[in-house]
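Peer 1: My questions will all concern the structure given below.
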Amino acid sequence: MEEVAILKGSNCRAKGAAPGFKVAVLGASGGIGQPLSLLMKMNPLVSVLHLYDVVNTPGVTADISHMNTGAVVRGFLGQPQLESALTGMDLVIIPAGIPRKPGMTRDDLFNINAGIVRTLCEGIAKCCPNAIVNVISNPVNSTVPIAAEVFKKAGTYDPKRLLGVTTLDVVRANTFVGEVLGLDPRDVNVPVVGGHAGVTILPLLSQVNPPCSFTSEEISYLTSRIQNGGTEVVEAKAGAGSATLSMAYAAAKFADACLRGLRGDAGIVECSYIASQVTELPFFASKVRLGRSGVEEVLPLGPLNEFERAGLEKAKGELAESIHKGVAFANK
């Protein structure tokens, strides 16, 4: 009697979605990585989804691969598989690293996460030098300059393709402003510029869409809450983690904007921390127009009120230090 072959995942005829983009999540097993991987598997623009981490990726991959959406999911475990995870990718999202704990500043994360980002970016430079790279690993104010230095050394640096993800600041700003004004947060758009930590986060409340006015008390309350949103979550979780779910949502939202840009959609504007000439600093978060090559245009800051101009000066001082710290780390 003929032996019946048992079909296993490895020899099934896995069909991908209609042509789409190849996306890798580096740090896919972590607190941000898991929900982010879930959301990317739901995105119809993703045809191949690679999940990489140093622990637990086989389980996360098996779990997410059962979702009946188009993207084909593959898992990669540990440093020896990093190059396979990255080869041929169009978009690489980096949530890898340790999370913030109570009492920790984003700079306390620096030494561990800086080394992780450097290693991952060395892999990107080698295996998918033309990919769009979305950096989430904190402190973003320093990890984006580290990534830039790694790419410069490898001769692959394209400032249009390296983007720090600051979308969570915008998401929070839209939510908190919506609460104050009694509006649906989906109808609110607050530009948030500067950086992605504390006073470097500068919401431009004078440029809120739809146009509205705030009292000085509301401006003070909203600015402080937006700047300290991460700390609010760290303290509420009381040692059980940092902002992972809202961060995954924001990262998926930004990744989707990048993919729509790659597809050639017009008029895609998001805030992001990028190489910039908007100020005298080499990196700065502001509105950018996304397209087929990543950042197609960096938009000007627009008119700032007195409160925002003072906030900008304060932000620039701290940002300059964080950028220097990242560059020095990458070159030591």
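Identifiers for the structure tokens are assigned positionally: chains receive A, B, ... in sequence, residues are indexed from 1 per chain, and ligands are indexed from 1 in the order shown.
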Write out as CSV a residue-level contact list of region 214-265 of chain A versus region 98-114 of chain A with cut-off 8 Å: for each qualifying residue the closest pair of atoms and the distance in Å to one decimal, counting only C-alpha atoms, rows sorted by chain and residue number upward.
Peer 2:
```
residue,atom,partner,partner_atom,distance
A:Thr231,CA,A:Pro102,CA,8.0
A:Val234,CA,A:Pro102,CA,5.9
A:Glu235,CA,A:Pro102,CA,6.0
A:Ala238,CA,A:Pro102,CA,6.7
A:Gly239,CA,A:Lys101,CA,5.8
A:Ala240,CA,A:Lys101,CA,7.8
A:Gly241,CA,A:Lys101,CA,6.2
A:Ser242,CA,A:Arg100,CA,5.7
```
Peer 1: Please write the residues from the selection above to a file, keeping all heavy atoms, as a PDB file, in the first residue's frame.
Peer 2:
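And here's again-v5.pdb as it stands now:
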```pdb
ATOM      1  N   THR A 231       5.786  58.206  30.220  1.00  0.00           N
ATOM      2  CA  THR A 231       5.959  58.038  31.660  1.00  0.00           C
ATOM      3  C   THR A 231       4.620  57.688  32.318  1.00  0.00           C
ATOM      4  O   THR A 231       4.561  56.865  33.237  1.00  0.00           O
ATOM      5  CB  THR A 231       6.544  59.325  32.275  1.00  0.00           C
ATOM      6  OG1 THR A 231       7.764  59.621  31.583  1.00  0.00           O
ATOM      7  CG2 THR A 231       6.814  59.179  33.752  1.00  0.00           C
ATOM      8  N   VAL A 234       4.243  53.987  31.781  1.00  0.00           N
ATOM      9  CA  VAL A 234       5.233  53.238  32.580  1.00  0.00           C
ATOM     10  C   VAL A 234       4.785  53.178  34.040  1.00  0.00           C
ATOM     11  O   VAL A 234       4.817  52.121  34.683  1.00  0.00           O
ATOM     12  CB  VAL A 234       6.636  53.882  32.456  1.00  0.00           C
ATOM     13  CG1 VAL A 234       7.596  53.333  33.514  1.00  0.00           C
ATOM     14  CG2 VAL A 234       7.215  53.631  31.063  1.00  0.00           C
ATOM     15  N   GLU A 235       4.325  54.311  34.566  1.00  0.00           N
ATOM     16  CA  GLU A 235       3.895  54.362  35.969  1.00  0.00           C
ATOM     17  C   GLU A 235       2.606  53.579  36.183  1.00  0.00           C
ATOM     18  O   GLU A 235       2.459  52.866  37.182  1.00  0.00           O
ATOM     19  CB  GLU A 235       3.743  55.816  36.423  1.00  0.00           C
ATOM     20  CG  GLU A 235       5.094  56.500  36.587  1.00  0.00           C
ATOM     21  CD  GLU A 235       4.999  58.000  36.868  1.00  0.00           C
ATOM     22  OE1 GLU A 235       3.861  58.544  36.854  1.00  0.00           O
ATOM     23  OE2 GLU A 235       6.054  58.617  37.089  1.00  0.00           O
ATOM     24  N   ALA A 238       3.264  49.978  36.411  1.00  0.00           N
ATOM     25  CA  ALA A 238       3.918  49.670  37.697  1.00  0.00           C
ATOM     26  C   ALA A 238       4.922  48.518  37.615  1.00  0.00           C
ATOM     27  O   ALA A 238       4.849  47.546  38.360  1.00  0.00           O
ATOM     28  CB  ALA A 238       2.849  49.372  38.749  1.00  0.00           C
ATOM     29  N   GLY A 239       5.842  48.632  36.667  1.00  0.00           N
ATOM     30  CA  GLY A 239       6.899  47.626  36.568  1.00  0.00           C
ATOM     31  C   GLY A 239       6.616  46.539  35.553  1.00  0.00           C
ATOM     32  O   GLY A 239       7.468  45.697  35.277  1.00  0.00           O
ATOM     33  N   ALA A 240       5.405  46.533  35.004  1.00  0.00           N
ATOM     34  CA  ALA A 240       5.032  45.471  34.053  1.00  0.00           C
ATOM     35  C   ALA A 240       5.243  45.886  32.597  1.00  0.00           C
ATOM     36  O   ALA A 240       4.682  45.290  31.694  1.00  0.00           O
ATOM     37  CB  ALA A 240       3.584  45.065  34.272  1.00  0.00           C
ATOM     38  N   GLY A 241       6.039  46.942  32.370  1.00  0.00           N
ATOM     39  CA  GLY A 241       6.346  47.313  30.985  1.00  0.00           C
ATOM     40  C   GLY A 241       6.122  48.784  30.696  1.00  0.00           C
ATOM     41  O   GLY A 241       5.854  49.582  31.591  1.00  0.00           O
ATOM     42  N   SER A 242       6.250  49.117  29.421  1.00  0.00           N
ATOM     43  CA  SER A 242       6.095  50.502  28.976  1.00  0.00           C
ATOM     44  C   SER A 242       4.991  50.540  27.923  1.00  0.00           C
ATOM     45  O   SER A 242       4.231  49.585  27.785  1.00  0.00           O
ATOM     46  CB  SER A 242       7.425  51.020  28.411  1.00  0.00           C
ATOM     47  OG  SER A 242       7.833  50.204  27.328  1.00  0.00           O
TER      48      SER A 242
END
```
Peer 1: Would you return as a PDB file with N, CA and C atoms, in the first residue's frame the members of region 156-263 of chain A that DSSP assigns to strand (DSSP E or B) on this structure's backbone?
Peer 2:
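Saved to states.pdb:
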```pdb
ATOM      1  N   LEU A 162      15.907  56.585   6.059  1.00  0.00           N
ATOM      2  CA  LEU A 162      16.068  56.314   7.494  1.00  0.00           C
ATOM      3  C   LEU A 162      15.133  57.222   8.287  1.00  0.00           C
ATOM      4  N   LEU A 163      14.138  56.612   8.941  1.00  0.00           N
ATOM      5  CA  LEU A 163      13.096  57.398   9.616  1.00  0.00           C
ATOM      6  C   LEU A 163      12.905  56.938  11.053  1.00  0.00           C
ATOM      7  N   GLY A 164      13.020  57.879  11.981  1.00  0.00           N
ATOM      8  CA  GLY A 164      12.694  57.601  13.378  1.00  0.00           C
ATOM      9  C   GLY A 164      11.190  57.726  13.566  1.00  0.00           C
ATOM     10  N   ASN A 189      -5.694  66.620  13.918  1.00  0.00           N
ATOM     11  CA  ASN A 189      -4.314  66.427  13.465  1.00  0.00           C
ATOM     12  C   ASN A 189      -3.419  67.476  14.114  1.00  0.00           C
ATOM     13  N   VAL A 192       3.593  67.291  15.614  1.00  0.00           N
ATOM     14  CA  VAL A 192       4.507  67.205  16.767  1.00  0.00           C
ATOM     15  C   VAL A 192       5.924  67.152  16.213  1.00  0.00           C
ATOM     16  N   VAL A 193       6.748  68.112  16.618  1.00  0.00           N
ATOM     17  CA  VAL A 193       8.088  68.248  16.046  1.00  0.00           C
ATOM     18  C   VAL A 193       9.145  68.102  17.139  1.00  0.00           C
ATOM     19  N   GLY A 194      10.428  68.137  16.712  1.00  0.00           N
ATOM     20  CA  GLY A 194      11.535  68.102  17.677  1.00  0.00           C
ATOM     21  C   GLY A 194      12.175  66.743  17.767  1.00  0.00           C
ATOM     22  N   ILE A 201       9.892  66.702  22.740  1.00  0.00           N
ATOM     23  CA  ILE A 201       8.600  66.500  22.067  1.00  0.00           C
ATOM     24  C   ILE A 201       7.849  67.835  22.093  1.00  0.00           C
ATOM     25  N   LEU A 202       7.668  68.431  20.925  1.00  0.00           N
ATOM     26  CA  LEU A 202       7.045  69.762  20.861  1.00  0.00           C
ATOM     27  C   LEU A 202       5.766  69.732  20.015  1.00  0.00           C
ATOM     28  N   PRO A 203       4.600  69.616  20.680  1.00  0.00           N
ATOM     29  CA  PRO A 203       3.345  69.670  19.931  1.00  0.00           C
ATOM     30  C   PRO A 203       3.043  71.106  19.514  1.00  0.00           C
ATOM     31  N   ASN A 209      -5.346  71.006  13.416  1.00  0.00           N
ATOM     32  CA  ASN A 209      -6.411  70.944  12.425  1.00  0.00           C
ATOM     33  C   ASN A 209      -7.499  70.022  12.977  1.00  0.00           C
TER      34      ASN A 209
END
```
Peer 1: Using the chain letters and numbers from this document, which residues of region 58-273 of chain A does DSSP assign to alpha helix (DSSP H), as a PyMOL selection string?
Peer 2: chain A and resi 58-65+82-86+110-127+140-154+167-181+216-227+229-237+245-263
Peer 1: Residues at most 12 Å from Gly31 (chain A), counting only C-alpha atoms, excluding those fewer than 5 positions away in the same chain, as a list of chain:residue names?
Peer 2: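 With the cut-off at 12 Å, the set is A:Leu36, A:Ser37, A:Leu38, A:Asp53, A:Val60, A:Pro95, A:Ala96, A:Gly97, A:Ile98, A:Pro99, A:Arg100, A:Ser137, A:Ala240, A:Gly241, A:Ser242, A:Ala243, A:Thr244, A:Leu245, A:Ser246, A:Met247, A:Ala248.
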Peer 1: Could you list, as a PyMOL selection string, every residue within 9 Å of Ser272 (chain A), counting only C-alpha atoms and ignoring same-chain residues fewer than 4 positions away?
Peer 2: chain A and resi 163-167+192-193+195+254+284-288
Peer 1: Nearest to Leu51 (chain A): which of A:Gly88, A:Pro210, A:Gly75, A:Pro139 is it, counting only C-alpha atoms?
Peer 2: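 Selected residue with least distance to Leu51 (chain A): A:Gly75.
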Peer 1: Find the distance between CA of Asn141 (chain A) and CA of Val92 (chain A) and write it in Å to one decimal.
Peer 2: 18.4 Å
Peer 1: Write out as a PyMOL selection string which residues come within 9 Å of Ala62 (chain A) when counting only C-alpha atoms, dropping same-chain ones fewer than 5 positions away.
Peer 2: chain A and resi 57+73-75
Peer 1: Pull N, CA and C atoms from the residues just selected and write them as a compact mmCIF listing (two decimals), in the first residue's frame.
Peer 2:
```
# COMPACT_ATOMS: atom_id res chain seq x y z
N THR A 57 10.90 33.52 18.53
CA THR A 57 10.25 33.79 17.23
C THR A 57 9.52 32.58 16.64
N VAL A 73 4.19 34.48 6.32
CA VAL A 73 5.00 34.80 7.49
C VAL A 73 6.14 33.79 7.64
N ARG A 74 7.34 34.31 7.88
CA ARG A 74 8.49 33.44 8.15
C ARG A 74 9.21 33.96 9.39
N GLY A 75 9.67 33.03 10.21
CA GLY A 75 10.36 33.41 11.45
C GLY A 75 11.84 33.14 11.38
```
Peer 1: Calculated over only C-alpha atoms, which of the candidates A:Ala320, A:Val144, A:Ala173, A:Val269 has the smallest distance to Leu299 (chain A)?
Peer 2: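 Looking at the shortest contact to Leu299 (chain A), the residue is A:Val269.
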Peer 1: Counting only C-alpha atoms, which residue out of A:Lys332, A:Arg309, A:His324, A:Arg260 sits closest to Arg118 (chain A)?
Peer 2: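 Closest to Arg118 (chain A), using only C-alpha atoms: A:Lys332.
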Peer 1: Neighbours of Arg289 (chain A) within 9 Å (only C-alpha atoms; same-chain residues fewer than 6 positions away dropped), as a VMD selection string?
Peer 2: chain A and resid 261 266 to 271 295 to 299
Peer 1: Could you give me, as a list of chain:residue names, the residues within 7 Å of Gly326 (chain A), counting only C-alpha atoms and dropping anything in the same chain fewer than 3 positions from it?
Peer 2: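 Counting only the stated atoms, we get A:Ser142, A:Thr143, A:Pro145, A:Ile146, A:Ser322, A:Ile323, A:Phe329, A:Ala330.
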Peer 1: Rounded to one decimal in Å, what is the spacing between CA of Gly20 (chain A) and CA of Met40 (chain A)?
Peer 2: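 Atom-to-atom, CA of Gly20 (chain A) to CA of Met40 (chain A), that is 12.2 Å.
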Peer 1: As an exercise, work out the distance from CA of Leu205 (chain A) to CA of Val177 (chain A) in Å and give it to one decimal place.
Peer 2: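 Atom-to-atom, CA of Leu205 (chain A) and CA of Val177 (chain A) are spaced 8.7 Å apart.
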Peer 1: Out of A:Pro211, A:Phe21, A:Ser29, A:Arg186, which residue has the shortest atom-to-atom distance to Ile94 (chain A) when counting only C-alpha atoms?
Peer 2: A:Ser29
